[in-house]
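Undergrad: What follows is start-v1.csv, CSV, C-alpha atoms and all ligand atoms.
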```csv
chain,number,residue,atom,x,y,z
O,1185,MET,CA,10.0,-13.0,33.7
O,1186,VAL,CA,9.7,-14.1,30.1
O,1187,ASN,CA,7.7,-16.9,28.3
O,1188,VAL,CA,10.0,-19.3,26.7
O,1189,GLY,CA,9.1,-21.1,23.5
O,1190,TRP,CA,10.9,-23.2,20.9
O,1191,ALA,CA,11.1,-22.9,17.1
O,1192,GLU,CA,13.0,-24.4,14.2
O,1193,ARG,CA,15.4,-21.9,12.6
O,1194,LYS,CA,14.7,-21.8,8.9
O,1195,SER,CA,17.3,-19.2,7.8
O,1196,SER,CA,21.0,-19.7,8.0
O,1197,VAL,CA,22.5,-19.9,11.5
O,1198,LEU,CA,25.6,-18.0,10.5
O,1199,SER,CA,24.4,-14.6,9.5
O,1200,SER,CA,26.0,-11.4,8.5
O,1201,SER,CA,25.1,-8.1,10.1
O,1202,SER,CA,24.5,-4.8,8.4
O,1203,LEU,CA,26.4,-3.1,11.2
O,1204,ALA,CA,29.8,-2.2,9.9
O,1205,CYS,CA,31.7,-3.3,13.0
O,1206,LEU,CA,30.1,-6.8,12.7
O,1207,ALA,CA,30.8,-7.2,9.1
O,1208,SER,CA,34.1,-9.1,9.4
O,1209,ILE,CA,32.9,-12.4,11.0
O,1210,PRO,CA,29.5,-14.2,10.9
O,1211,ALA,CA,27.2,-13.9,13.8
O,1212,ILE,CA,24.8,-16.3,15.6
O,1213,ASN,CA,21.6,-15.5,17.5
O,1214,LEU,CA,20.6,-18.5,19.7
O,1215,THR,CA,17.2,-17.0,20.4
O,1216,ALA,CA,14.8,-14.4,19.2
O,1217,GLY,CA,14.1,-12.1,22.1
O,1218,CYS,CA,16.3,-11.9,25.2
O,1219,ALA,CA,15.5,-12.7,28.8
O,1220,HIS,CA,17.6,-9.9,30.1
O,1221,ASP,CA,14.8,-7.6,29.0
O,1222,CYS,CA,16.9,-4.4,29.1
O,1223,VAL,CA,14.6,-1.4,29.0
O,1224,TYR,CA,16.7,0.3,26.3
O,1225,CYS,CA,17.3,-2.8,24.2
O,1226,TYR,CA,18.0,-1.8,20.6
O,1227,ALA,CA,16.7,-5.2,19.3
O,1228,ARG,CA,13.1,-4.0,20.0
O,1229,GLY,CA,11.8,-3.0,16.7
O,1230,TYR,CA,13.9,-5.4,14.7
O,1231,SER,CA,11.9,-7.6,12.4
O,1232,GLY,CA,12.9,-10.8,14.3
O,1233,PHE,CA,11.8,-9.4,17.7
O,1234,PRO,CA,9.2,-11.9,19.0
O,1235,GLY,CA,7.3,-9.4,21.2
O,1236,GLU,CA,7.7,-8.3,24.8
O,1237,ASP,CA,8.5,-10.9,27.5
O,1238,LYS,CA,9.1,-13.7,24.9
O,1239,VAL,CA,12.1,-15.7,24.1
O,1240,VAL,CA,12.1,-18.2,21.3
O,1241,ILE,CA,15.0,-20.8,21.4
O,1242,TYR,CA,16.1,-22.2,18.1
O,1243,ASN,CA,16.1,-26.0,18.8
O,1244,ASN,CA,17.8,-27.1,15.6
O,1245,ILE,CA,20.6,-24.5,15.7
O,1246,LEU,CA,23.6,-26.9,16.5
O,1247,ASP,CA,22.7,-29.4,13.8
O,1248,LYS,CA,22.1,-26.6,11.3
O,1249,LEU,CA,25.4,-25.0,12.2
O,1250,LYS,CA,27.3,-28.3,11.7
O,1251,ASN,CA,25.7,-28.6,8.3
O,1252,GLU,CA,26.5,-25.1,7.3
O,1253,LEU,CA,30.1,-25.4,8.2
O,1254,LEU,CA,30.3,-28.7,6.3
O,1255,ARG,CA,29.1,-26.9,3.2
O,1256,ARG,CA,31.5,-23.9,3.5
O,1257,LYS,CA,34.7,-23.9,1.5
O,1258,ASN,CA,36.4,-22.0,4.2
O,1259,LYS,CA,35.5,-22.0,7.8
O,1260,PRO,CA,35.2,-18.6,9.6
O,1261,GLN,CA,38.1,-17.5,11.7
O,1262,ALA,CA,35.6,-16.6,14.4
O,1263,VAL,CA,31.9,-16.3,15.2
O,1264,TYR,CA,30.2,-13.5,17.1
O,1265,PHE,CA,27.5,-14.0,19.7
O,1266,SER,CA,24.9,-12.4,19.4
O,1267,PRO,CA,23.7,-9.3,17.6
O,1268,SER,CA,20.1,-9.4,18.9
O,1269,SER,CA,20.1,-11.4,22.1
O,1270,ASP,CA,22.6,-12.4,24.8
O,1271,ILE,CA,24.4,-15.7,24.8
O,1272,PHE,CA,24.2,-16.1,28.6
O,1273,GLN,CA,20.5,-15.5,29.4
O,1274,PRO,CA,19.2,-16.9,32.7
O,1275,ILE,CA,17.3,-19.8,31.1
O,1276,PRO,CA,18.9,-23.2,31.6
O,1277,GLU,CA,18.1,-24.4,28.1
O,1278,VAL,CA,19.8,-21.3,26.6
O,1279,LEU,CA,22.8,-21.8,28.7
O,1280,GLU,CA,23.0,-25.5,27.8
O,1281,LEU,CA,22.7,-24.6,24.1
O,1282,SER,CA,25.3,-21.8,24.3
O,1283,HIS,CA,27.7,-24.2,26.0
O,1284,SER,CA,27.2,-26.8,23.2
O,1285,LEU,CA,27.7,-24.3,20.5
O,1286,LEU,CA,30.9,-22.8,22.1
O,1287,GLU,CA,32.3,-26.3,22.7
O,1288,PHE,CA,31.6,-27.3,19.1
O,1289,LEU,CA,33.1,-24.2,17.6
O,1290,LEU,CA,36.2,-24.2,19.8
O,1291,SER,CA,36.8,-27.9,19.1
O,1292,ARG,CA,36.9,-26.9,15.4
O,1293,ASP,CA,39.4,-24.2,16.2
O,1294,ILE,CA,36.9,-21.4,15.4
O,1295,GLY,CA,37.3,-18.4,17.6
O,1296,ILE,CA,34.6,-16.9,19.7
O,1297,ALA,CA,33.7,-13.2,20.2
O,1298,PHE,CA,30.8,-12.4,22.5
O,1299,LEU,CA,29.1,-9.6,24.2
O,1300,THR,CA,27.2,-10.4,27.4
O,1301,LYS,CA,25.5,-8.9,30.4
O,1302,GLY,CA,24.8,-12.3,31.8
O,1303,ARG,CA,26.2,-14.7,34.3
O,1304,ILE,CA,28.5,-17.2,32.6
O,1305,PRO,CA,28.0,-20.7,34.2
O,1306,GLU,CA,31.1,-22.1,35.8
O,1307,ARG,CA,31.7,-25.0,33.3
O,1308,THR,CA,31.3,-22.6,30.4
O,1309,LEU,CA,33.8,-20.2,32.0
O,1310,ARG,CA,36.2,-23.1,32.3
O,1311,LEU,CA,35.7,-23.9,28.6
O,1312,LEU,CA,36.4,-20.3,27.6
O,1313,LEU,CA,39.5,-20.2,29.8
O,1314,ASN,CA,40.8,-23.4,28.3
O,1315,HIS,CA,40.7,-21.7,24.9
O,1316,ALA,CA,41.6,-18.3,26.1
O,1317,ASN,CA,43.6,-17.4,23.0
O,1318,LYS,CA,40.5,-18.1,20.8
O,1319,VAL,CA,38.1,-16.0,22.8
O,1320,LYS,CA,37.4,-12.2,22.8
O,1321,ALA,CA,34.9,-11.1,25.4
O,1322,GLN,CA,33.0,-7.9,25.8
O,1323,VAL,CA,31.1,-7.4,29.0
O,1324,GLY,CA,28.3,-4.9,28.9
O,1325,ILE,CA,28.5,-2.7,32.0
O,1326,ILE,CA,26.8,0.7,32.0
O,1327,THR,CA,27.1,1.6,35.7
O,1328,TYR,CA,28.5,0.7,39.0
O,1329,ASP,CA,25.2,1.4,40.6
O,1330,ASP,CA,23.1,-1.8,41.0
O,1331,ASN,CA,20.0,0.3,41.6
O,1332,ILE,CA,20.2,1.7,38.1
O,1333,ARG,CA,21.0,-1.8,36.8
O,1334,ARG,CA,17.9,-3.1,38.4
O,1335,ILE,CA,15.7,-0.6,36.6
O,1336,PHE,CA,17.4,-0.7,33.2
O,1337,GLU,CA,18.6,-4.3,33.0
O,1338,PRO,CA,16.3,-6.1,35.4
O,1339,TYR,CA,17.2,-9.7,34.6
O,1340,ALA,CA,20.9,-9.3,33.6
O,1341,ALA,CA,23.6,-10.3,36.0
O,1342,ARG,CA,24.4,-8.1,39.0
O,1343,ILE,CA,27.2,-5.6,38.5
O,1344,ASP,CA,29.5,-7.4,41.0
O,1345,ILE,CA,29.1,-10.7,39.2
O,1346,ARG,CA,30.0,-9.1,35.9
O,1347,LEU,CA,33.1,-7.5,37.4
O,1348,LYS,CA,34.1,-10.8,38.9
O,1349,GLN,CA,33.7,-12.5,35.5
O,1350,MET,CA,35.7,-9.8,33.8
O,1351,ALA,CA,38.5,-10.3,36.3
O,1352,THR,CA,38.5,-14.1,35.9
O,1353,LEU,CA,38.5,-13.9,32.1
O,1354,ALA,CA,41.2,-11.3,32.0
O,1355,ALA,CA,43.4,-13.2,34.5
O,1356,GLY,CA,42.9,-16.3,32.4
O,1357,GLY,CA,44.3,-14.6,29.3
O,1358,VAL,CA,41.0,-13.8,27.5
O,1359,ASP,CA,41.0,-10.6,25.6
O,1360,VAL,CA,38.3,-8.6,27.5
O,1361,LYS,CA,36.7,-5.3,26.9
O,1362,ALA,CA,34.2,-3.4,29.0
O,1363,ARG,CA,31.3,-2.1,26.9
O,1364,VAL,CA,29.7,1.0,28.4
O,1365,VAL,CA,26.7,1.2,26.1
O,1366,PRO,CA,24.4,2.9,26.5
O,1367,ILE,CA,25.5,5.7,28.6
O,1368,LEU,CA,22.3,7.2,30.1
O,1369,PRO,CA,22.4,11.0,30.1
O,1370,GLY,CA,21.6,12.5,33.5
O,1371,LEU,CA,21.9,9.1,35.2
O,1372,THR,CA,25.3,7.5,34.4
O,1373,ASP,CA,27.3,10.3,32.9
O,1374,SER,CA,28.4,12.4,35.9
O,1375,PHE,CA,32.2,12.6,36.8
O,1376,ASP,CA,31.4,10.7,39.9
O,1377,SER,CA,29.6,7.8,38.3
O,1378,ILE,CA,32.1,7.5,35.5
O,1379,ASP,CA,34.9,7.5,38.0
O,1380,ARG,CA,33.3,4.8,40.1
O,1381,LEU,CA,32.8,2.6,37.1
O,1382,GLY,CA,36.3,3.3,35.8
O,1383,ARG,CA,37.8,2.4,39.1
O,1384,ALA,CA,35.8,-0.8,39.3
O,1385,ILE,CA,36.8,-1.9,35.8
O,1386,PHE,CA,40.4,-1.0,36.5
O,1387,HIS,CA,40.5,-3.4,39.5
O,1388,THR,CA,39.4,-6.2,37.2
O,1389,GLY,CA,42.6,-5.9,35.2
O,1390,VAL,CA,40.6,-5.1,32.0
O,1391,LYS,CA,42.3,-2.3,30.1
O,1392,LYS,CA,39.9,-1.7,27.2
O,1393,ALA,CA,36.5,-0.1,27.0
O,1394,ALA,CA,34.1,1.0,24.4
O,1395,MET,CA,31.3,3.6,24.8
O,1396,SER,CA,28.3,5.2,23.3
O,1397,THR,CA,25.4,7.2,24.6
O,1398,LEU,CA,21.8,6.0,24.5
O,1399,PHE,CA,20.0,6.6,21.2
O,1400,LEU,CA,16.3,6.4,20.7
O,1401,ARG,CA,14.0,4.7,18.2
O,1402,PRO,CA,10.2,4.6,18.6
O,1403,ALA,CA,10.3,1.1,20.1
O,1404,ILE,CA,13.0,2.0,22.6
O,1405,GLU,CA,11.2,5.2,23.7
O,1406,ALA,CA,8.0,3.2,24.1
O,1407,SER,CA,9.8,0.7,26.2
O,1408,LEU,CA,11.3,3.5,28.4
O,1409,ARG,CA,7.9,5.0,28.9
O,1410,ARG,CA,6.3,1.7,29.7
O,1411,ARG,CA,8.9,0.4,32.1
O,1412,ILE,CA,10.4,3.4,34.0
O,1413,SER,CA,7.8,4.0,36.7
O,1414,ASP,CA,9.5,7.0,38.3
O,1415,LYS,CA,8.1,9.8,36.3
O,1416,SER,CA,10.8,12.3,37.1
O,1417,THR,CA,13.6,9.8,36.1
O,1418,LEU,CA,11.8,9.2,32.8
O,1419,ASP,CA,11.1,12.9,32.1
O,1420,ASN,CA,14.7,13.9,32.9
O,1421,LEU,CA,16.0,11.2,30.6
O,1422,LEU,CA,13.7,12.0,27.6
O,1423,ASP,CA,14.3,15.7,28.1
O,1424,PHE,CA,17.8,15.2,26.7
O,1425,TYR,CA,16.3,14.1,23.4
O,1426,ARG,CA,13.6,16.7,23.1
O,1427,ASP,CA,15.0,18.6,20.1
O,1428,ALA,CA,17.2,15.9,18.8
O,1429,LYS,CA,17.5,15.2,15.1
O,1430,ARG,CA,17.4,11.7,13.6
O,1431,ILE,CA,20.7,10.6,12.0
O,1432,ALA,CA,21.5,7.7,9.7
O,1433,VAL,CA,23.8,5.1,11.4
O,1434,HIS,CA,26.2,2.6,9.8
O,1435,ALA,CA,23.6,-0.1,9.4
O,1436,GLU,CA,21.5,-0.5,6.3
O,1437,HIS,CA,18.3,1.5,6.2
O,1438,SER,CA,18.8,2.5,9.8
O,1439,SER,CA,18.5,5.7,11.7
O,1440,VAL,CA,18.3,6.7,15.3
O,1441,ILE,CA,17.7,9.7,17.5
O,1442,PRO,CA,20.9,10.5,19.3
O,1443,LEU,CA,21.8,13.1,21.8
O,1444,SER,CA,23.0,16.3,20.1
O,1445,ARG,CA,26.6,16.0,19.0
O,1446,PRO,CA,27.9,18.7,21.5
O,1447,LYS,CA,26.2,16.8,24.3
O,1448,ARG,CA,27.8,13.5,23.3
O,1449,GLU,CA,31.2,15.2,22.9
O,1450,GLU,CA,30.9,16.6,26.4
O,1451,ILE,CA,30.0,13.2,27.8
O,1452,TYR,CA,32.7,11.3,25.9
O,1453,SER,CA,35.3,13.8,27.1
O,1454,ARG,CA,34.4,13.0,30.7
O,1455,PHE,CA,34.9,9.3,29.9
O,1456,ARG,CA,38.2,10.0,28.2
O,1457,GLN,CA,39.4,11.8,31.3
O,1458,ALA,CA,38.6,8.8,33.4
O,1459,ALA,CA,40.2,6.5,30.8
O,1460,ARG,CA,43.4,8.5,31.2
O,1461,LYS,CA,43.3,8.2,34.9
O,1462,TYR,CA,42.8,4.5,34.8
O,1463,ALA,CA,45.2,3.9,31.9
O,1464,MET,CA,42.4,2.5,29.8
O,1465,ASP,CA,42.2,2.2,26.0
O,1466,LEU,CA,38.8,3.8,25.3
O,1467,SER,CA,37.0,3.7,21.9
O,1468,ILE,CA,33.7,5.1,20.6
O,1469,CYS,CA,31.1,3.0,18.9
O,1470,GLY,CA,31.4,4.5,15.4
O,1471,CYS,CA,28.3,2.8,14.0
O,1472,MET,CA,26.1,4.7,16.4
O,1473,ASN,CA,28.2,7.9,16.2
O,1474,PRO,CA,28.9,8.3,12.5
O,1475,ASP,CA,29.1,12.0,12.8
O,1476,ILE,CA,32.0,11.6,15.4
O,1477,GLY,CA,33.7,8.5,14.0
O,1478,GLY,CA,35.8,5.8,15.6
O,1479,THR,CA,35.3,2.1,16.0
O,1480,CYS,CA,34.6,0.0,19.1
O,1481,ASN,CA,35.8,-3.1,17.2
O,1482,ILE,CA,33.0,-5.2,18.7
O,1483,THR,CA,34.2,-8.5,17.3
O,1484,GLY,CA,37.8,-8.0,18.1
O,1485,GLN,CA,40.5,-8.4,15.5
O,1486,TRP,CA,40.9,-11.8,13.9
O,1487,PRO,CA,43.8,-12.9,11.6
O,1488,THR,CA,42.7,-13.5,8.1
O,1489,ASN,CA,45.4,-15.9,7.1
O,1490,GLY,CA,45.2,-18.5,9.8
O,1491,VAL,CA,45.2,-22.2,9.2
O,1492,GLN,CA,41.8,-23.4,7.9
O,1493,PRO,CA,41.1,-26.9,9.1
O,1494,SER,CA,38.8,-28.6,6.5
O,1495,LEU,CA,37.1,-31.3,8.5
O,1496,PHE,CA,33.8,-30.6,10.2
O,1497,VAL,CA,31.7,-33.4,11.6
O,1501,LIG,S1,21.4,-8.1,27.0
O,1501,LIG,FE1,21.5,-7.1,25.0
O,1501,LIG,S2,20.0,-8.2,23.6
O,1501,LIG,FE2,19.6,-8.8,25.8
O,1501,LIG,S3,17.9,-7.4,26.4
O,1501,LIG,FE3,19.9,-6.5,27.0
O,1501,LIG,S4,20.4,-5.1,25.3
O,1501,LIG,FE4,18.9,-6.5,24.5
```
Can you give me the file's structure in the form of structure tokens?
TA:
Amino acid sequence: MVNVGWAERKSSVLSSSSLACLASIPAINLTAGCAHDCVYCYARGYSGFPGEDKVVIYNNILDKLKNELLRRKNKPQAVYFSPSSDIFQPIPEVLELSHSLLEFLLSRDIGIAFLTKGRIPERTLRLLLNHANKVKAQVGIITYDDNIRRIFEPYAARIDIRLKQMATLAAGGVDVKARVVPILPGLTDSFDSIDRLGRAIFHTGVKKAAMSTLFLRPAIEASLRRRISDKSTLDNLLDFYRDAKRIAVHAEHSSVIPLSRPKREEIYSRFRQAARKYAMDLSICGCMNPDIGGTCNITGQWPTNGVQPSLFV
């Protein structure tokens, strides 16, 4: 498990991302580092990454957010949680902080978009459901197989918990999307695994999904090598990337090593087949697949001409 520390956040709480799909609304990271510790986590290698097994909670984030909103001429329509960490990490102080931030933003009529692989506490779930029309949720779910989850997302919520949360949020009127990112070649891309996952999502009542295959960066590959103890699983996975060429992605100064385009097309077509079977609206993460295109619309769509309440306290 991780070491938890505290720090004052010096830079703005509301930040903008260089990822094209996150450009429309500001984003907040509650922490540097993430307790879910996903083996493939893309945030490894980012400049703010605090190191392996460390989570730093920003203790001044709520006060700073209030001040920033006070100074803004226009409040944002919505805020996205979180580009480099998860809003619902299994650390009581993080969950307390995320609840306070959500409560504050929703009380100011500011919408919430979030992506999580975590367990949402009951009282926060109720808060979100009470403001369902102001909430857009993406639930990260890469497999129906909890054994794979245990290897690749060791401290994230169990798959059954995520599915239950998706069903609860969707039934309560929240706009929910399943985020199947990253698809792991050779592990989660067979017809059978895609079908099991598609069926499970279908039963939650969620009708939208986004997908992208795993890409590598040096820090991600190092993490896979360090953390996947079964050598044949590791070798099989890395073999897919053996002759892969680096491509620029839709983020400033950023490039990744993806699967070859034909391989990705082949995998995406299997997912599309399942999406047709389960009547699901399926999109590709275009930022990570600039050579294929598309958008996963990670923040959801927010009106730009809504009422802008001016009082923030
Ligand atoms: S939940 Fe997201 S931010 Fe957290 S470790 Fe996993 S991939 Fe990284």
Undergrad: Hey, which residues sit close to ligand LIG 1501 (chain O)? Say within 6 Å, counting only C-alpha atoms and all ligand atoms, and write them as a JSON list (two decimals) with C-alpha atoms, keeping the file's coordinate frame.
TA:
```json
[["chain", "number", "residue", "atom", "x", "y", "z"],
["O", 1218, "CYS", "CA", 16.30, -11.90, 25.20],
["O", 1220, "HIS", "CA", 17.60, -9.90, 30.10],
["O", 1221, "ASP", "CA", 14.80, -7.60, 29.00],
["O", 1222, "CYS", "CA", 16.90, -4.40, 29.10],
["O", 1225, "CYS", "CA", 17.30, -2.80, 24.20],
["O", 1227, "ALA", "CA", 16.70, -5.20, 19.30],
["O", 1268, "SER", "CA", 20.10, -9.40, 18.90],
["O", 1269, "SER", "CA", 20.10, -11.40, 22.10],
["O", 1270, "ASP", "CA", 22.60, -12.40, 24.80],
["O", 1301, "LYS", "CA", 25.50, -8.90, 30.40]]
```
Undergrad: Write out as a PyMOL selection string the residues lying within 12 Å of O:Asp1419, counting all atoms listed in the file and excluding same-chain residues fewer than 2 positions away.
TA: chain O and resi 1369-1371+1405+1408-1409+1412-1417+1421-1426
Undergrad: Any idea what's packed within 8 Å of stretch 1353-1362 of chain O, counting all atoms listed in the file, ignoring anything in its chain fewer than 3 positions away? Could you give it as an MDAnalysis selection string?
TA: chainID O and resid 1309 1312:1313 1316:1325 1349:1350 1385 1388:1394
Undergrad: Could you tell me how far atom CA of O:Leu1253 sits from atom CA of O:Ser1201, in Å to one decimal place?
TA: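 It comes out at 18.1 Å.
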Undergrad: State, in Å with one decimal place, the distance from atom CA of O:Pro1446 to atom CA of O:Gly1382.
TA: 22.6 Å
Undergrad: Go through O:Ala1191, O:Ala1211, O:Leu1285, O:Ile1441 and flag the residue nearest O:Leu1400, using all atoms listed in the file for the distances.
TA: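 The closest residue to O:Leu1400 is O:Ile1441.
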Undergrad: May I have the protein, DNA and RNA residues with any atom at most 8 Å from the point (17.4, 9.4, 17.4), counting all atoms listed in the file, written as a PyMOL selection string?
TA: chain O and resi 1399-1401+1425+1428-1431+1439-1443
Undergrad: Keeping only C-alpha atoms, write the selected residues to a file as a PDB file, keeping the file's coordinate frame.
TA:
```pdb
ATOM      1  CA  PHE O1399      20.000   6.600  21.200  1.00  0.00           C
ATOM      2  CA  LEU O1400      16.300   6.400  20.700  1.00  0.00           C
ATOM      3  CA  ARG O1401      14.000   4.700  18.200  1.00  0.00           C
ATOM      4  CA  TYR O1425      16.300  14.100  23.400  1.00  0.00           C
ATOM      5  CA  ALA O1428      17.200  15.900  18.800  1.00  0.00           C
ATOM      6  CA  LYS O1429      17.500  15.200  15.100  1.00  0.00           C
ATOM      7  CA  ARG O1430      17.400  11.700  13.600  1.00  0.00           C
ATOM      8  CA  ILE O1431      20.700  10.600  12.000  1.00  0.00           C
ATOM      9  CA  SER O1439      18.500   5.700  11.700  1.00  0.00           C
ATOM     10  CA  VAL O1440      18.300   6.700  15.300  1.00  0.00           C
ATOM     11  CA  ILE O1441      17.700   9.700  17.500  1.00  0.00           C
ATOM     12  CA  PRO O1442      20.900  10.500  19.300  1.00  0.00           C
ATOM     13  CA  LEU O1443      21.800  13.100  21.800  1.00  0.00           C
TER      14      LEU O1443
END
```
Undergrad: Report as a list in words all protein, DNA and RNA residues lying within 9 Å of O:Ser1199, evaluated on all atoms listed in the file, omitting residues in the same chain fewer than 4 positions from it.
TA: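 Selected residues are Ser1195, Ile1209, Pro1210, Ala1211, Ile1212 and Asn1213 of chain O.
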Undergrad: Can you tell me how far atom CA of O:Ile1482 sits from atom CA of O:Lys1348, in Å to one decimal?
TA: 21.0 Å
Undergrad: For a quick check of understanding, using only C-alpha atoms, which of O:Phe1336, O:Tyr1242, O:Ser1374, O:Ser1282 has the smallest distance to O:Ser1407?
TA: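 Of all the options, O:Phe1336 lies closest to O:Ser1407.
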Undergrad: Write out as a ChimeraX atom specification the residues lying within 12 Å of O:Pro1276, counting all atoms listed in the file and excluding same-chain residues fewer than 4 positions away.
TA: /O:1188,1219,1241,1271-1272,1280-1283,1303-1305
Undergrad: Write out as a list in words the residues lying within 12 Å of O:Lys1194, counting only C-alpha atoms and excluding same-chain residues fewer than 3 positions away.
TA: Ala1191, Val1197, Leu1198, Tyr1242, Asn1243, Asn1244, Ile1245, Lys1248 and Leu1249 of chain O
Undergrad: Find the residue from O:Cys1205, O:Ile1332, O:Val1364, O:Ile1468 that sits nearest to O:Pro1267; use only C-alpha atoms when measuring.
TA: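 Comparing O:Cys1205, O:Ile1332, O:Val1364, O:Ile1468 against O:Pro1267, the winner is O:Cys1205.
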Undergrad: Around (15.4, -3.0, 35.2) in the file's own coordinates, what residues are found within 7 Å if you use all atoms listed in the file, given back as a PDB file with C-alpha atoms, in the coordinates of the input?
TA:
```
ATOM      1  CA  CYS O1222      16.900  -4.400  29.100  1.00  0.00           C
ATOM      2  CA  VAL O1223      14.600  -1.400  29.000  1.00  0.00           C
ATOM      3  CA  ARG O1333      21.000  -1.800  36.800  1.00  0.00           C
ATOM      4  CA  ARG O1334      17.900  -3.100  38.400  1.00  0.00           C
ATOM      5  CA  ILE O1335      15.700  -0.600  36.600  1.00  0.00           C
ATOM      6  CA  PHE O1336      17.400  -0.700  33.200  1.00  0.00           C
ATOM      7  CA  GLU O1337      18.600  -4.300  33.000  1.00  0.00           C
ATOM      8  CA  PRO O1338      16.300  -6.100  35.400  1.00  0.00           C
ATOM      9  CA  TYR O1339      17.200  -9.700  34.600  1.00  0.00           C
TER      10      TYR O1339
END
```
Undergrad: Fix up stretch 1353-1366 of chain O with N, CA, C and O atoms, then write it as a CSV table (one decimal), keeping the file's coordinate frame.
TA:
```csv
chain,number,residue,atom,x,y,z
O,1353,LEU,N,38.1,-13.8,33.5
O,1353,LEU,CA,38.5,-13.9,32.1
O,1353,LEU,C,39.8,-13.2,31.8
O,1353,LEU,O,40.7,-13.8,31.1
O,1354,ALA,N,40.0,-12.0,32.3
O,1354,ALA,CA,41.2,-11.3,32.0
O,1354,ALA,C,42.4,-12.0,32.6
O,1354,ALA,O,43.5,-12.2,32.0
O,1355,ALA,N,42.3,-12.5,33.9
O,1355,ALA,CA,43.4,-13.2,34.5
O,1355,ALA,C,43.7,-14.5,33.8
O,1355,ALA,O,44.9,-14.9,33.8
O,1356,GLY,N,42.7,-15.1,33.2
O,1356,GLY,CA,42.9,-16.3,32.4
O,1356,GLY,C,43.4,-16.1,31.0
O,1356,GLY,O,43.5,-17.1,30.3
O,1357,GLY,N,43.7,-14.9,30.6
O,1357,GLY,CA,44.3,-14.6,29.3
O,1357,GLY,C,43.3,-14.3,28.2
O,1357,GLY,O,43.7,-14.2,27.0
O,1358,VAL,N,42.0,-14.2,28.5
O,1358,VAL,CA,41.0,-13.8,27.5
O,1358,VAL,C,41.1,-12.3,27.2
O,1358,VAL,O,41.4,-11.5,28.2
O,1359,ASP,N,41.0,-12.0,26.0
O,1359,ASP,CA,41.0,-10.6,25.6
O,1359,ASP,C,39.6,-10.0,26.0
O,1359,ASP,O,38.6,-10.4,25.4
O,1360,VAL,N,39.6,-9.1,27.0
O,1360,VAL,CA,38.3,-8.6,27.5
O,1360,VAL,C,38.2,-7.1,27.4
O,1360,VAL,O,39.1,-6.4,27.6
O,1361,LYS,N,37.0,-6.7,27.0
O,1361,LYS,CA,36.7,-5.3,26.9
O,1361,LYS,C,35.4,-5.0,27.6
O,1361,LYS,O,34.5,-5.8,27.6
O,1362,ALA,N,35.4,-3.8,28.3
O,1362,ALA,CA,34.2,-3.4,29.0
O,1362,ALA,C,33.4,-2.6,28.0
O,1362,ALA,O,33.9,-1.8,27.3
O,1363,ARG,N,32.1,-2.9,27.9
O,1363,ARG,CA,31.3,-2.1,26.9
O,1363,ARG,C,30.3,-1.3,27.7
O,1363,ARG,O,29.3,-1.7,28.2
O,1364,VAL,N,30.6,0.0,27.6
O,1364,VAL,CA,29.7,1.0,28.4
O,1364,VAL,C,28.7,1.6,27.4
O,1364,VAL,O,28.8,2.7,27.0
O,1365,VAL,N,27.7,0.8,27.1
O,1365,VAL,CA,26.7,1.2,26.1
O,1365,VAL,C,25.4,0.6,26.5
O,1365,VAL,O,25.3,-0.6,26.7
O,1366,PRO,N,24.4,1.4,26.7
O,1366,PRO,CA,24.4,2.9,26.5
O,1366,PRO,C,24.7,3.7,27.8
O,1366,PRO,O,24.3,3.3,28.8
```
